[in-house]
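Novice: One structure coming up, written as structure tokens, with questions to follow.
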Amino acid sequence: MPSPDLPAELKAALDGKLRGFSRSDAAGRAASISKTYRDGGGSGGIRAEADALAYALARMPATFAAVTASLNALVEIRPDFAPNSLLDIGAGPGTASWAAAAAFPSLQDFALLDANATLRALALDLARDSTRLRDISYERGEARAALVKSDAADLVMASYMIGEIGDAERRALAELMWEKTRDTLLVVEPGTPAGYARIIALREHVIALGGHVAAPCPHDGKCPLQPPDWCHFTQRLQRSRAHMQVKDVELPFEDEKFAYVALTRTAVAERPSRVLTQPLVTKVEVTARLCTPAGLAVTKVPRRAKADYASARRWRWGDAVTVGD
Ligand SMILES: C[S@@+](CC[C@H](N)C(=O)[O-])C[C@H]1O[C@@H](n2cnc3c(N)ncnc32)[C@H](O)[C@@H]1O
């Protein structure tokens, strides 16, 4: 499975862009972009090249890690999926395309689209020397208008994008993204209650249009979680020195919380249960909260069930598991 850390080629391209670029200026710009997000805004304020670079430095590692974790979950459920073409909606600096290239050696055609000219320019720069991504096509435009003209793709992705548009626009975009999906649609959002709510609304909408969930849910029914619970996962990633400077932090890693859904045209034959939070392991038993095909369950695996206990001890939040494995 691909690593959640940025691939060497992308790291090198980012480092190249950073030469001669002030870290304290980047930190200031990244802080202001983060504040805009916290206040409910989007990436519309990213206009200067330095803003785009600050955004990429501060956020690209985490969104890359979240998309990679979501793709790994998809691949685990559908190991035979070998997409040829990708459509990356709201691609920004190209994060999801880089993650998809690492997850699927089969991918040949990469079509990206985004309204932001500065992020588009950065994405093209970062991809220029990449073996897999140097021939990407990147359309600049408003998502719906650009999508109408796009060819359908085997894999369609929107990463950290649907939170930047209004509800009505999001519903229309969901329909259009599904229309352009030949096989699988993957949408990733921040792991907040609001991000989860957007994922759940899109999930229901696409199921009503004939889609099936491949991951994370083991069913196409209504999400059994009730507020204040929300379905989300976490991915740990290493921070580079530049990343720590830009974020003004000392911890050498961060945990990115994310929510996601992968929807397919054909139902997956067997969908394992999903571990909803980090299981509690004691010497007596493993206690895990699972989303199962039959709904929520708190499963206890006693130590006396030796093989099951040994396997359940390795369960991690977000894993797909079959009880009795
Ligand atoms: C938070 S960034 C995420 C970028 C990238 N997908 C990632 O995961 O790093 C959101 C992106 O969506 C784009 N976006 C937002 N609304 C859009 C729209 N209506 N049409 C096209 N792009 C849009 C923004 O320009 C921005 O690049």
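Chain labels follow the order of the structure tokens: the first chain is A, the next B, and so on; residue numbering restarts at 1 in every chain, and ligands are counted from 1 in their shown order.
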Counting only C-alpha atoms and all ligand atoms, what residues are within 9 Å of ligand 1, given as a ChimeraX atom specification?

Specialist: /A:37,42-44,46,55-56,59-64,66-67,88-97,113-120,140-146,157-165,169-170,173,188-189

Novice: Using only C-alpha atoms, tabulate the residues of range 51-74 of chain A lying at most 9 Å from any atom of range 206-218 of chain A, each with its closest atom pair and that distance in Å to one decimal, by chain and increasing residue number, as a tab-separated table.

Specialist:
residue	atom	partner	partner_atom	distance
A:Ser70	CA	A:Ala215	CA	8.2
A:Ala73	CA	A:Ala215	CA	6.7
A:Leu74	CA	A:Ala215	CA	6.0

Novice: Keeping only N, CA and C atoms, write the selected residues as a compact mmCIF listing (two decimals), in the first residue's frame.

Specialist:
# COMPACT_ATOMS: atom_id res chain seq x y z
N SER A 70 -7.72 6.89 2.06
CA SER A 70 -9.02 6.55 1.46
C SER A 70 -8.82 5.62 0.27
N ALA A 73 -7.99 2.18 1.42
CA ALA A 73 -9.19 1.46 1.89
C ALA A 73 -9.98 0.93 0.68
N LEU A 74 -10.05 1.73 -0.36
CA LEU A 74 -10.75 1.31 -1.58
C LEU A 74 -10.06 0.11 -2.22

Novice: For Leu87 in chain A, which of A:Glu204, A:Glu49, A:Asp154, A:Asp319 is the closest residue, counting only C-alpha atoms?

Specialist: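 Result for the nearest residue to Leu87 in chain A: A:Asp154.
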
Novice: Tell me which protein, DNA and RNA residues are within 8 Å of Thr68 in chain A, counting only C-alpha atoms, leaving out same-chain ones fewer than 2 positions away, and put them as a count of residues only.

Specialist: 12

Novice: Any idea what's packed within 12 Å of Leu133 in chain A, counting only C-alpha atoms, ignoring anything in its chain fewer than 5 positions away? Could you give it as a PyMOL selection string?

Specialist: chain A and resi 9-10+86+94-102+105+107-112+123-128+138

Novice: Just list as a ChimeraX atom specification whatever in range 59-285 of chain A DSSP marks as alpha helix (DSSP H).

Specialist: /A:59-77,95-103,117-127,143-149,167-179,193-208,241-247

Novice: When DSSP is applied to the backbone of this structure, which of range 222-276 of chain A are assigned strand (DSSP E or B)? Write them out as a list in words.

Specialist: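 Checking each residue of range 222-276 of chain A, the strand (DSSP E or B) ones are Phe233, Thr234, Gln235, Arg236, Leu237, Gln238, Phe253, Glu254, Asp255, Glu256, Lys257, Phe258, Ala259, Tyr260, Val261, Ala262, Leu263, Thr264, Ser273, Arg274 and Val275 of chain A.
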
Novice: Would you kindly return, as a list in words, each protein, DNA or RNA residue with an atom no farther than 8 Å from any atom of range 290-296 of chain A, considering only C-alpha atoms and excluding same-chain residues fewer than 6 positions away?

Specialist: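 Final neighbour list, sorted by chain and number: Cys217, Pro218, His219, Pro224, Leu225, Arg271, Pro272, Ser273, Arg274, Val275 and Leu276 of chain A.
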
Novice: To one decimal place, how far is CA of Val261 in chain A from CA of Ile199 in chain A in Å?

Specialist: 6.6 Å

Novice: Using only C-alpha atoms, which of A:Leu57, A:Val246, A:Ala197, A:Leu263 sits nearest His232 in chain A?

Specialist: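 Closest to His232 in chain A, using only C-alpha atoms: A:Ala197.
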